[in-house]
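For reference, the structure discussed in these notes is given below.
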2 protein chains.
Amino acid sequence: MAPPGAIEVEAVTDTTGVTLPDPLAAPIQSNEIYGRRRKHLKNQWGVAAPADSKNFRHKDYDDKPLAKRWDHIISEEARIRKGNSLKKAAKFLGKAGIISLGGGLPSSEYFPFEELSLKVPTIGKFSEAETRESGVTITAGKHDLAKDKSIFDISTAFNYGQGTGAAQLLRWVTEHTELVHSPPYQDWRCTMSIGSTSALDMALRMLSRPGDMILSEEYTFATAVETAAPLGVRVTGIPMDAEGLLPSAMDDILHTWNVSIRGARKPHLLYTVPTGQNPTGATQSLDRRRAIYEVCQKHDIYIIEDEPYYFLQMQPYTGPNAPDVPPPKNHAEFLSSLVPSLLSMDTDGRVMRLDSFSKVLSPGSRVGWVTASEQLTTMYQKHADVSTQGPAGMSQLILFKLLEDHWGHSGYLDWLIHIRLEYTRRRNVILEACERHVPREVVSWKPPMAGMFHWLKIEFKKHPDYPAKPIEDIEEQIFMRVIDHGALVMRGSWFYANSEEEHDTLFFRATYAAAAADRIEEGIRRFGEAVRAEFGLKEENGVGNGKA
Amino acid sequence: MAPPGAIEVEAVTDTTGVTLPDPLAAPIQSNEIYGRRRKHLKNQWGVAAPADSKNFRHKDYDDKPLAKRWDHIISEEARIRKGNSLKKAAKFLGKAGIISLGGGLPSSEYFPFEELSLKVPTIGKFSEAETRESGVTITAGKHDLAKDKSIFDISTAFNYGQGTGAAQLLRWVTEHTELVHSPPYQDWRCTMSIGSTSALDMALRMLSRPGDMILSEEYTFATAVETAAPLGVRVTGIPMDAEGLLPSAMDDILHTWNVSIRGARKPHLLYTVPTGQNPTGATQSLDRRRAIYEVCQKHDIYIIEDEPYYFLQMQPYTGPNAPDVPPPKNHAEFLSSLVPSLLSMDTDGRVMRLDSFSKVLSPGSRVGWVTASEQLTTMYQKHADVSTQGPAGMSQLILFKLLEDHWGHSGYLDWLIHIRLEYTRRRNVILEACERHVPREVVSWKPPMAGMFHWLKIEFKKHPDYPAKPIEDIEEQIFMRVIDHGALVMRGSWFYANSEEEHDTLFFRATYAAAAADRIEEGIRRFGEAVRAEFGLKEENGVGNGKA
C-alpha cells in the first residue's frame, strides 16, 4: 500500500557487472539483483518503518510449494504472543498530512552524532596492510535520507527500529540469501537476529517445551547445550563420522525412541552445524545433507541449521609437498564450490537457517539473520519486538555502509573469497605443524574442510593409565600437561551433547583462527611434546622420555 | 588477580574539574572519579576480558548491609542456568607465555574496519546546528589498545564480548550509577543490557513463573504487558494519581489478595516507571517513592524500576505568562533537582533498576544497563552469555568514544542539562497549545514534570453518546475523529495494565518529543477541534458546531 505523499526512489545500479550464477536454479547476476530491484517508496526507509523480506526477493516463487505448518510443535509462549500493539497506530500514519503526536520516539535532534565514518578496504585490497595504505573512507551523515544522499542515515538508524531489523539491511541479507541458497518453497522469509546464540534461544522458546529432548551431533557447540538446559530441554547426541552426524544413526535413535527410558517425548527438533562443525570441524557432504533431510522428513523433524562457518569453506588440502589448488577463478566457481545448504534443499519449509556476520565480518556487530517460513519468521519478529527489538541500529548502519553503499554483493563475494584463502592458509599451517610435531601413534585427525577448528583424536587406550583411570581423568591429565608445556587446547568432553550419555572417544579441539602462523606452529609443537610425555613416547629429537 | 605479564596503565585524568556532589551521601567530584580510579591492568581491557563492576566502584560499601537473598522468587530456569562453560578455559590464559589454540574467536585481521570516526558536539555546543559548525571528530583505530592510544579499539570492541558488556564501558556506567544513585547496600553491581525491553524480558524469566500476576501502574507501558503475557504472567493495575501509583491502594490490593478470586499466588514483583511514566507522564515524588518502598518491604515485593525518562526531568512549569525558572547553575544543582531514585533508597537490595541511553543519546545503540544485587546481576549475566551475548561491540565503542574519551562524566552532565532544557521547551509548547486550543470543559491535564508524554483526561460522561455507548466505543469514536481532523494521539486503553479489569477513566496520550514546535501546536489545535466536534461544543472561533 503506497501511502499518499510518498516519493519514489530510483533503483540503485550496480556497476561492477560481475556475473553470478545461482548454483541451484536459473542463473542470476549480481548486477541483476540491483537492476531488477523494485522501486521502493522513500517512506519504506523511514524511522522504524515496517519491513517484509518478501518485497526484496528477486525471483517469483509462485510455482513452488508452500511451507508445511508447524502448529503442532509451536510452544504456548509463541502461540499466544501478540504483535506489539503500539505499532497498530502506525497504520494511520499513511493519511496525508497527518501530524503524529503518537509514537514515543525521540527526535533525532537529540542524537549527538552528526557523522559516522569508516575506513574500510577497497575491493580486492583486503589485507590489513593494504587497507591502511589504500582503504577508503565511507561516511554516513545524520540526514542523508532527507537529502537523498543515501537510503540510510544516522537519524534513521540511531532511532528505534523494528524486530525485523531495518528494511535497508534486510533487503541486502534477503538478496544475499536468495543468491546463495534460493530456498525451494514459496513463503520463505528473512528476519534479522542479534546473533545466532540469541536466535537459538528464541527458536528453542518457540519450538520446544520443558522436558523435551532435541537432537544434535554427539559433540556439539557447548553454548547451544547451555542455552537449552535452563529451558528444561536436554540434547541427545547422534554418532558422527568425519562428515558429521550419521543419518542412519539418527534414524535408528528415532525409530527405537522409548519415551519411558528416555524420559521425554520423541524429538521433533534437530540442531545441526552442517559446515565446519564446532568442535569437530566436520562438514556434511551434499549426499550426507540429502540423507539427513530425508530422515528428518521421515520422522517429521524440524531442523535448526546453524551456519556461522558456511563461508569458511576452504580450498582442498593437498598436503605439505603438493601444489595448492588454484583459487576460484570467479564468483560462479566460488559459489559452486560451496556445499549446498540444507535450506537450499528445503522443499518442506522445515529448516530455520541461522546466518551470522561474526566469522566473516565482525562478531561485535551482533547482527545476524534467520531464514525460515513466514509462519516462523513472523513469530520470531513478534518476540523480537518485545525483547531484543532487533539488532543495534549503529551496527546496522555500519554494515549497510560497507555492504550496500561500498562493496555491493559482488565486492562482498570477493571479500569472502579472500577469507576463504586466508583460512586455507591458516588451516594448512596447523596441519603441517601437526604432521611435523604430533605423534601419529596416539593422535589422528582429518584435514578440516571448513570452519575454525582442528579436531584431534587421542588413542586413550594406549595411555599408560588406561584402564586404571577413567577416560575423563586421562583427558584432564593430558589437558593439564599441555598447559604445563605452554599451550591451551579445548577438552572434547566440554562439547558433549549430553554428558550423561556414554562416551568412549577422547578428543581435543585446536583452533587455527586466532593466533599468528608461527604461534600456531609453536603451540602445536608444545601440544605434541606434552602428548609424547603423557604417553611415554620418544621425544621428537629421538630422546626417550618417560612420564615425569 | 594480576596475571603475569600484564602491563599497568596510567589512570586517566579528567581535566574538566567540575565539582559534582553526590546528592545523597558524602560529596564526590566528577574529576575525583577519574583521579581516584584504580590502576587497571592492560589485559583487563582485552578481547572478551571478564569484567566485574565491583572493581569500578569508587566508594567503600563495607559498612553497608548486604542485599537480601531472593532465592524464594528465583525461577527454575534462572536457578539451573550455569555459566558459559567454554569461558572456563580462560582462567588458564593467565599463565606466562601460554599459546592459546583454545577459544574460537576470529582474528581481528579479518575485520574489514581500519578506523571509525564520529563527528560529535563539543561540550556546551550541543545543538545540531552548533555540531555541524563546531563539532569535533573523534576516532577509534583498529589497534589503539596495543599502541596505548586508548583502552578500547576496533580489534577489541568488534570481537566477541561478555554478557556484562565490555569492561571499558561497564566502568563508565558503574561510575555514573554511583554518582547519581549511590545505592545504600554493599553488594550492588551493574551489568549491561541490550536495552530495557530485553532486560525486562530477562528479568521476568528470572523472577516469575507462568500463572503469576505482577503489579504495575493501572496504565502502563504496553510492551511490558506484552512481554509478560506470553510467559503466562499477567499484570494487575494499581490505581494512580498525578504522582503515579498509590501506595495505599497497592497495600490494599496485597492485603486483600485472594488467590482463588485472582487465580494467581500473591504477587512478589512490582514493575514501575517512577519518572515521567509511560503513558501518564506521572512522576513519583520523593515521599511517594518512600511510601511505595515501604509497602514493598511490608509485603516483600521485589521492584523492577524502569527508568528511561529519569534524565528527562524538566524545569518546573510556570505557565504561559510567567518567567521561566532559571536553568541549573551547576552540576550540583542539577543533580539535586532530580527526584531520588528507588535504587538510591534501596537498603534491602530489592530493586532492579533498568537504565537506558535510548532517550538521552540514541535508541539505536541498544545499550542499557541493569543495577541490582550481585545475586541477580550474576544470573542476568549468565543468561546474557547464552542469549544476547551483551550489547553490540560497535555500539559500545561508539558510546565509549563519546562518553569516556570525549565528554567524560562532566561533559555528559552538561549534555543532560541541555536535554532537560530542550524537553522543557517542548513540554511548554504542548501545554501552551493545550491551554489555547483544548476545551477545558471536557479535557483536563496536569503539566508533566518528566518524560515525553502529555496525558489528557476526557470527561467521557459528558459525551452525547454516554451512557448509551460503552466507554471503549466513545474512546474509539474520539480517536477516529482526531484522525479525521489530521492528528494522531494514542488511546489510553492501549495502556491498560489489565484489560480485563474495570476502567472508568478515558485518556489520550500525546507526545511532545518528536514533532517540531509548530507541528505540535497544530496537532493539538486539530485535537481540540476534533474533541469539540465530538462533544458538540462551540468551535474555538465561537461558532457552534453540532456533531457531524
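Every chain in the C-alpha cells takes a letter, A first, then B, and so on in the order presented; its residues are numbered from 1, and the ligands are numbered from 1 following the presented order.
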
Give me, as a Markdown table, the closest atom pair and its distance (Å, one decimal) for every residue of chain A within a cut-off of 6 Å of chain B, counting only C-alpha atoms, rows sorted by chain and rising number.
| residue | atom | partner | partner_atom | distance |
| --- | --- | --- | --- | --- |
| A:Glu77 | CA | B:Pro230 | CA | 4.6 |
| A:Ile80 | CA | B:Pro230 | CA | 5.7 |
| A:Arg81 | CA | B:Pro230 | CA | 5.0 |
| A:Ile98 | CA | B:Gly486 | CA | 4.5 |
| A:Ile99 | CA | B:Ala487 | CA | 4.7 |
| A:Ser100 | CA | B:Leu488 | CA | 4.7 |
| A:Leu101 | CA | B:Thr511 | CA | 4.9 |
| A:Gly102 | CA | B:Val489 | CA | 4.5 |
| A:Pro106 | CA | B:Ala513 | CA | 5.4 |
| A:Ser107 | CA | B:Ala514 | CA | 4.6 |
| A:Phe111 | CA | B:Leu361 | CA | 5.2 |
| A:Pro112 | CA | B:Val120 | CA | 5.7 |
| A:Phe113 | CA | B:Val120 | CA | 4.9 |
| A:Glu114 | CA | B:Lys119 | CA | 5.2 |
| A:Glu115 | CA | B:Lys119 | CA | 4.9 |
| A:Leu116 | CA | B:Leu118 | CA | 4.7 |
| A:Ser117 | CA | B:Ser117 | CA | 4.9 |
| A:Leu118 | CA | B:Leu116 | CA | 4.6 |
| A:Lys119 | CA | B:Glu115 | CA | 4.9 |
| A:Val120 | CA | B:Phe113 | CA | 4.9 |
| A:Phe158 | CA | B:Gly364 | CA | 3.9 |
| A:Asn159 | CA | B:Gly364 | CA | 4.9 |
| A:Tyr160 | CA | B:Pro363 | CA | 5.3 |
| A:Thr197 | CA | B:Ser387 | CA | 5.3 |
| A:Ser198 | CA | B:Ser387 | CA | 4.1 |
| A:Asp201 | CA | B:Ser387 | CA | 5.8 |
| A:Thr227 | CA | B:Val386 | CA | 5.3 |
| A:Pro230 | CA | B:Glu77 | CA | 4.6 |
| A:Leu231 | CA | B:Glu77 | CA | 5.9 |
| A:Leu361 | CA | B:Phe111 | CA | 5.2 |
| A:Ser362 | CA | B:Phe111 | CA | 5.5 |
| A:Pro363 | CA | B:Asn159 | CA | 5.0 |
| A:Gly364 | CA | B:Phe158 | CA | 3.9 |
| A:Ser365 | CA | B:Ala392 | CA | 5.4 |
| A:Arg366 | CA | B:Ala392 | CA | 5.1 |
| A:Val386 | CA | B:Thr227 | CA | 5.3 |
| A:Ser387 | CA | B:Ser198 | CA | 4.1 |
| A:Thr388 | CA | B:Ser198 | CA | 5.1 |
| A:Ala392 | CA | B:Arg366 | CA | 5.1 |
| A:Gly393 | CA | B:Gly364 | CA | 4.3 |
| A:Met394 | CA | B:Ser365 | CA | 5.7 |
| A:Ser395 | CA | B:Met394 | CA | 5.8 |
| A:Gly486 | CA | B:Ile98 | CA | 4.5 |
| A:Ala487 | CA | B:Ile99 | CA | 4.7 |
| A:Leu488 | CA | B:Ser100 | CA | 4.7 |
| A:Val489 | CA | B:Gly102 | CA | 4.4 |
| A:Met490 | CA | B:Gly102 | CA | 5.3 |
| A:Ala510 | CA | B:Leu101 | CA | 5.0 |
| A:Thr511 | CA | B:Leu101 | CA | 4.9 |
| A:Ala513 | CA | B:Pro106 | CA | 5.4 |
| A:Ala514 | CA | B:Ser107 | CA | 4.6 |
| A:Gly523 | CA | B:Ile99 | CA | 5.6 |

Near-Ala264 (chain A) list (9 Å; only C-alpha atoms; drop same-chain fewer than 4 positions) as a PyMOL selection string
chain A and resi 211-213+258-260

Would you output that residue set with all heavy atoms, as a JSON list (two decimals), in the first residue's frame?
[["chain", "number", "residue", "atom", "x", "y", "z"],
["A", 211, "GLY", "N", 11.16, -30.40, 29.37],
["A", 211, "GLY", "CA", 11.07, -31.85, 29.34],
["A", 211, "GLY", "C", 11.45, -32.45, 28.00],
["A", 211, "GLY", "O", 11.71, -33.65, 27.90],
["A", 212, "ASP", "N", 11.50, -31.62, 26.97],
["A", 212, "ASP", "CA", 11.84, -32.13, 25.63],
["A", 212, "ASP", "C", 13.31, -32.55, 25.54],
["A", 212, "ASP", "O", 14.16, -32.03, 26.26],
["A", 212, "ASP", "CB", 11.61, -31.02, 24.57],
["A", 212, "ASP", "CG", 10.17, -30.96, 24.11],
["A", 212, "ASP", "OD1", 9.37, -31.82, 24.53],
["A", 212, "ASP", "OD2", 9.84, -30.04, 23.34],
["A", 213, "MET", "N", 13.56, -33.46, 24.62],
["A", 213, "MET", "CA", 14.93, -33.70, 24.17],
["A", 213, "MET", "C", 15.00, -33.29, 22.71],
["A", 213, "MET", "O", 14.08, -33.54, 21.94],
["A", 213, "MET", "CB", 15.31, -35.16, 24.32],
["A", 213, "MET", "CG", 15.51, -35.56, 25.77],
["A", 213, "MET", "SD", 16.35, -37.18, 25.97],
["A", 213, "MET", "CE", 18.06, -36.68, 26.02],
["A", 258, "ASN", "N", 12.24, -44.65, 23.02],
["A", 258, "ASN", "CA", 11.38, -45.18, 24.07],
["A", 258, "ASN", "C", 11.13, -44.08, 25.09],
["A", 258, "ASN", "O", 12.05, -43.65, 25.80],
["A", 258, "ASN", "CB", 12.07, -46.40, 24.71],
["A", 258, "ASN", "CG", 11.19, -47.04, 25.77],
["A", 258, "ASN", "OD1", 10.64, -46.36, 26.64],
["A", 258, "ASN", "ND2", 11.04, -48.36, 25.68],
["A", 259, "VAL", "N", 9.89, -43.64, 25.14],
["A", 259, "VAL", "CA", 9.56, -42.46, 25.95],
["A", 259, "VAL", "C", 9.91, -42.68, 27.42],
["A", 259, "VAL", "O", 10.47, -41.81, 28.08],
["A", 259, "VAL", "CB", 8.07, -42.10, 25.79],
["A", 259, "VAL", "CG1", 7.66, -40.98, 26.75],
["A", 259, "VAL", "CG2", 7.77, -41.67, 24.35],
["A", 260, "SER", "N", 9.63, -43.87, 27.92],
["A", 260, "SER", "CA", 9.86, -44.05, 29.36],
["A", 260, "SER", "C", 11.35, -44.18, 29.68],
["A", 260, "SER", "O", 11.81, -43.67, 30.70],
["A", 260, "SER", "CB", 9.06, -45.23, 29.91],
["A", 260, "SER", "OG", 9.41, -46.41, 29.23]]

Selection near region 335-351 of chain B, 9 Å with only C-alpha atoms, sequence-local residues under 3 positions removed, as a ChimeraX atom specification
/B:20-24,64-70,180-188,274-275,283-286,289-290,292-293,296-297,300-305,307,310-311,313,315,328,330-332,371-373,413

Using the chain letters and numbers from this document, which residues of region 254-496 of chain B does DSSP assign to strand (DSSP E or B), as an NGL selection string?
:B and (269-272 or 302-306 or 313 or 351-356 or 368-373 or 443-444 or 450 or 453-458 or 487-488 or 490-491 or 496)

If you count only C-alpha atoms, which residues fall within 12 Å of Tyr219 (chain A), apart from same-chain ones fewer than 3 positions away, as an mmCIF file with C-alpha atoms, in the first residue's frame?
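Ended up saving to part-v9.cif:
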data_model
loop_
_atom_site.group_PDB
_atom_site.id
_atom_site.type_symbol
_atom_site.label_atom_id
_atom_site.label_comp_id
_atom_site.auth_asym_id
_atom_site.auth_seq_id
_atom_site.Cartn_x
_atom_site.Cartn_y
_atom_site.Cartn_z
ATOM 1 C CA LEU A 215 18.864 -33.961 18.623
ATOM 2 C CA SER A 216 22.342 -32.781 17.782
ATOM 3 C CA ALA A 222 28.552 -26.151 24.242
ATOM 4 C CA THR A 223 26.686 -22.863 24.354
ATOM 5 C CA ALA A 224 23.780 -24.480 22.499
ATOM 6 C CA VAL A 225 23.507 -27.132 25.214
ATOM 7 C CA VAL A 235 20.145 -32.747 23.973
ATOM 8 C CA THR A 236 20.724 -36.275 22.775
ATOM 9 C CA GLY A 237 23.839 -36.812 20.715
ATOM 10 C CA ILE A 238 23.880 -38.529 17.324
ATOM 11 C CA PRO A 239 27.025 -40.519 16.471
ATOM 12 C CA MET A 240 29.264 -38.864 13.891
ATOM 13 C CA ASP A 241 31.996 -39.557 11.413
ATOM 14 C CA GLY A 244 29.271 -35.103 10.696
ATOM 15 C CA LEU A 245 26.183 -36.755 12.077
ATOM 16 C CA TYR A 271 20.088 -28.659 15.929
ATOM 17 C CA THR A 272 22.961 -29.069 13.486
ATOM 18 C CA VAL A 273 26.008 -27.148 12.292
ATOM 19 C CA GLN A 277 31.002 -28.016 12.852
ATOM 20 C CA ASN A 278 32.061 -26.813 16.269
ATOM 21 C CA PRO A 279 34.006 -28.585 17.780
ATOM 22 C CA THR A 280 34.712 -31.379 15.291
ATOM 23 C CA GLY A 281 35.344 -29.333 12.160
ATOM 24 C CA ALA A 282 33.210 -31.859 10.260
ATOM 25 C CA TRP A 455 39.823 -31.946 15.956
ATOM 26 C CA ARG A 491 38.806 -30.610 26.026
ATOM 27 C CA GLY A 492 36.461 -32.652 23.873
ATOM 28 C CA SER A 493 34.264 -33.502 26.859
ATOM 29 C CA TRP A 494 33.322 -29.839 27.166
ATOM 30 C CA PHE A 495 31.369 -30.379 23.952
ATOM 31 C CA TYR A 496 29.376 -33.465 24.855
ATOM 32 C CA ALA A 497 25.822 -33.024 23.623
ATOM 33 C CA ASN A 498 24.806 -34.950 26.701
ATOM 34 C CA SER A 499 27.345 -35.650 29.396
ATOM 35 C CA GLU A 501 25.377 -40.443 27.713
ATOM 36 C CA HIS A 503 31.443 -41.706 25.578
ATOM 37 C CA THR A 505 36.257 -41.303 22.440
ATOM 38 C CA LEU A 506 38.737 -38.661 23.534
ATOM 39 C CA PHE A 507 39.405 -35.512 21.542
ATOM 40 C CA PHE A 508 40.958 -32.095 21.810
ATOM 41 C CA ARG A 509 39.933 -29.060 19.782
#

Val443 (chain B) surroundings by only C-alpha atoms, 8 Å radius, close-in-sequence under 2 positions cut, as a PDB file with N, CA, C and O atoms, in the first residue's frame:
ATOM      1  N   VAL B 438      -7.604  23.459  23.576  1.00  0.00           N
ATOM      2  CA  VAL B 438      -8.340  22.278  24.027  1.00  0.00           C
ATOM      3  C   VAL B 438      -9.445  22.692  24.994  1.00  0.00           C
ATOM      4  O   VAL B 438      -9.188  23.463  25.923  1.00  0.00           O
ATOM      5  N   PRO B 439     -10.644  22.216  24.775  1.00  0.00           N
ATOM      6  CA  PRO B 439     -11.776  22.652  25.606  1.00  0.00           C
ATOM      7  C   PRO B 439     -11.688  22.082  27.029  1.00  0.00           C
ATOM      8  O   PRO B 439     -11.815  20.879  27.220  1.00  0.00           O
ATOM      9  N   ARG B 440     -11.509  22.965  27.995  1.00  0.00           N
ATOM     10  CA  ARG B 440     -11.313  22.540  29.372  1.00  0.00           C
ATOM     11  C   ARG B 440     -12.596  21.986  29.981  1.00  0.00           C
ATOM     12  O   ARG B 440     -12.554  21.349  31.043  1.00  0.00           O
ATOM     13  N   GLU B 441     -13.718  22.243  29.332  1.00  0.00           N
ATOM     14  CA  GLU B 441     -14.971  21.698  29.859  1.00  0.00           C
ATOM     15  C   GLU B 441     -14.929  20.174  29.899  1.00  0.00           C
ATOM     16  O   GLU B 441     -15.562  19.548  30.749  1.00  0.00           O
ATOM     17  N   TRP B 445      -5.804  18.104  32.423  1.00  0.00           N
ATOM     18  CA  TRP B 445      -4.438  17.564  32.428  1.00  0.00           C
ATOM     19  C   TRP B 445      -3.619  18.228  33.526  1.00  0.00           C
ATOM     20  O   TRP B 445      -3.996  19.275  34.046  1.00  0.00           O
ATOM     21  N   LEU B 456      -4.002  13.282  28.647  1.00  0.00           N
ATOM     22  CA  LEU B 456      -5.185  14.128  28.585  1.00  0.00           C
ATOM     23  C   LEU B 456      -6.426  13.344  29.002  1.00  0.00           C
ATOM     24  O   LEU B 456      -6.799  12.364  28.357  1.00  0.00           O
ATOM     25  N   LYS B 457      -7.038  13.813  30.067  1.00  0.00           N
ATOM     26  CA  LYS B 457      -8.212  13.114  30.596  1.00  0.00           C
ATOM     27  C   LYS B 457      -9.479  13.652  29.955  1.00  0.00           C
ATOM     28  O   LYS B 457      -9.690  14.872  29.895  1.00  0.00           O
ATOM     29  N   ILE B 458     -10.324  12.756  29.510  1.00  0.00           N
ATOM     30  CA  ILE B 458     -11.565  13.134  28.845  1.00  0.00           C
ATOM     31  C   ILE B 458     -12.748  12.851  29.780  1.00  0.00           C
ATOM     32  O   ILE B 458     -12.862  11.751  30.329  1.00  0.00           O
ATOM     33  N   GLU B 459     -13.619  13.855  29.923  1.00  0.00           N
ATOM     34  CA  GLU B 459     -14.840  13.656  30.727  1.00  0.00           C
ATOM     35  C   GLU B 459     -15.864  12.932  29.864  1.00  0.00           C
ATOM     36  O   GLU B 459     -16.790  13.540  29.323  1.00  0.00           O
TER      37      GLU B 459
END

Select from region 14-204 of chain A everything DSSP, run on the backbone, classes as helix (DSSP H, G or I), then give the selection as a ChimeraX atom specification.
/A:30-35,42-45,53-56,71-73,76-80,85-94,108-110,128-134,154-157,167-180,196-204

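Take CA of Leu421 (chain A) and CA of Asp144 (chain B): the distance between them is 27.3 Å.
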
Give me the residues near Val370 (chain A) as number ranges by chain, where near means some atom within 6 Å (using only C-alpha atoms) and where sequence neighbours in that chain fewer than 3 positions away do not count.
A: 190-192, 353-354

Write a file of the selected residues as a compact mmCIF listing (two decimals), in the first residue's frame, keeping N, CA and C atoms.
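Writing the result to result-v2.txt gives the following:
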# COMPACT_ATOMS: atom_id res chain seq x y z
N CYS A 190 13.24 -13.76 5.41
CA CYS A 190 14.36 -13.48 6.31
C CYS A 190 13.91 -12.47 7.37
N THR A 191 14.46 -12.60 8.53
CA THR A 191 14.28 -11.57 9.56
C THR A 191 15.58 -11.51 10.34
N MET A 192 15.93 -10.34 10.81
CA MET A 192 17.26 -10.21 11.40
C MET A 192 17.29 -10.64 12.87
N ARG A 353 17.29 -21.51 9.12
CA ARG A 353 18.72 -21.30 8.97
C ARG A 353 19.15 -20.07 9.75
N LEU A 354 20.23 -20.21 10.53
CA LEU A 354 20.78 -19.08 11.28
C LEU A 354 22.08 -18.63 10.60

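CA of Arg38 (chain A) to CA of Tyr380 (chain A) spans 25.8 Å [interatomic distance, one decimal].
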
Of the listed residues B:Tyr309, B:Trp45, B:Tyr317, B:Tyr61, that which approaches Lys446 (chain B) most closely, counting only C-alpha atoms:
B:Tyr317

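Nearest to Ser208 (chain A) of all the residues A:Ala48, A:Ile430, A:Leu269, A:Leu399 is A:Leu269, counting only C-alpha atoms.
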